[in-house]
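Following: one structure in structure tokens, then a few remarks.
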2 protein chains.
Amino acid sequence: MVQKSAQPSQKPAPNSTRRSERSRRAIYDAALALVSEVGYPKTTIEGIAARAGVGKQTIYRWWPSKADVLLEAFLDLSEQASELAAKEGQEPFEFPDTGDLAADLKFVLRATVDELLNPRFEAPSRALAAEGVVNEQLGAVFVSKLLEPSLQLYVQRLRSAQDQGAVRPEIDPRIALELFVSPLAQRWLQHTGPISYEYVDTLVDYALHGLTPR
Amino acid sequence: MVQKSAQPSQKPAPNSTRRSERSRRAIYDAALALVSEVGYPKTTIEGIAARAGVGKQTIYRWWPSKADVLLEAFLDLSEQASELAAKEGQEPFEFPDTGDLAADLKFVLRATVDELLNPRFEAPSRALAAEGVVNEQLGAVFVSKLLEPSLQLYVQRLRSAQDQGAVRPEIDPRIALELFVSPLAQRWLQHTGPISYEYVDTLVDYALHGLTPR
């Protein structure tokens, strides 16, 4: 769920004029606002263009489809959040590897809790997640471009823990990470329970040490 | 995700005539078909009535809203599946308690894999799950009536395991069950990976024994 390190596969060619930068920002804002307000199916390139105050050809010149616009709008939202954090003196996001696996996982999951509870992020994320449930093609694009790259950071951290002897060598890290990432995702997606720092800390402790007595 | 033991809070009053039983079945079928085809927002009482060949007053007499119709159509679908299984000589579903926690959890999760991959179940489930992501009120109804009662069966089984000394006494069963239930749910909801018997078996083993060396 941490999306800060995901990279778009194709960025629009950098345009040096201020005006097109302003247009791009307006298009991102319009796309995120529309998908929050009317949902993914009713969000159209025409609607985004009208709201952003640009011609729809401007959008088609940069992006082949609304899915691509939204994907980049999302990546941009994450980048903006990182830049804001940097301005506030925070270090840029990197998946920590302090040698204390539990602490590192809790740190990242707590940041994800903050992100999931961020109102700017919530409405467009929900609209896109909902569409992904019934639209496998769109879901697959967002998973491969946004979610999976974040999950791979957990894979790397768990592999490092295996090298350090902190995780059993026979464990598949890609499945293991789901023991703490998926419960948080399901609570958020399906409203099955509250999410909090204490909750994700508990997930990490249960996953690392198991439910059976030692 | 196992929905067989969930009970509706208000069943329509049993009507002894064959005709109204036939109408009710037609309404359920129409509701499930429509939500699969056009999604939850575009499914209306009028549309269900037209497709079922009944007057919309017939529907309003039995159910206050489309959410209630769909909820009962879903419960009915689960009951039909149980009846079919019984006819085929299978025992009615009960969460097993053989004393072997891992085996019991794997048994139930494998049944859930079958259910999630059942084409009759998939389209309406996805349509409703997608709506629940963006419509907290609807999501909450489906969670409280359908999902949470199933999850409580895991809670009971884990409590029994705690009494038997097979699960650590300080574990919260309501959180613990998410370590194997939520990964399966997220893969199904978000298309983040394939689901199979082998996968759920692995989740149970990881959750029970933990990721760290023993």
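Order determines the names: the first chain of the structure tokens is A, the second B, and so forth; residues in each chain are numbered 1 upward, and ligands are numbered 1 upward as they are shown.
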
### Task
For chain A, list the residues within 7 Å of chain B, counting only C-alpha atoms, and write the list as a ChimeraX atom specification.
/A:126-127,130-134,136,139-140,143,166-168,171,178-180,182-183,186,189-192,207-213

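Of the listed residues B:Leu105, B:Val69, B:Asp114, B:Tyr40, the one whose atoms come nearest to Val155 in chain B is B:Leu105, with distances taken using only C-alpha atoms.
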
### Query
If we count only C-alpha atoms, what is near Leu70 in chain A at a cut-off of 8 Å, once residues fewer than 5 positions away on the same chain are taken out, given as JSON, numbers by chain?
{"A": [28, 31, 32]}

### Task
Going by DSSP on the backbone, which bits of range 19-209 of chain B are helix (DSSP H, G or I)? Write them as a PyMOL selection string, please.
chain B and resi 19-38+45-52+56-62+66-87+101-116+119-134+136-163+173-176+178-190+197-209

### Message
List the spatial neighbours of Ile59 in chain B as a PyMOL selection string - criterion: any atom at most 12 Å away, only C-alpha atoms, same-chain residues fewer than 2 positions off excluded.
### Response
chain B and resi 12+20+23-28+30-31+44-50+52-57+61-70

#### Entry: Residue with smallest distance to Asp100 in chain B - pool B:Leu146, B:Tyr60, B:Ser160, B:Lys42, counting only C-alpha atoms
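Once distances to Asp100 in chain B are computed over only C-alpha atoms, the minimum belongs to B:Ser160.
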
### Query
When you draw a straight line from CA of Asp97 in chain B to CA of Thr112 in chain B, how long is it in Å?
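It comes out at 17.0 Å.
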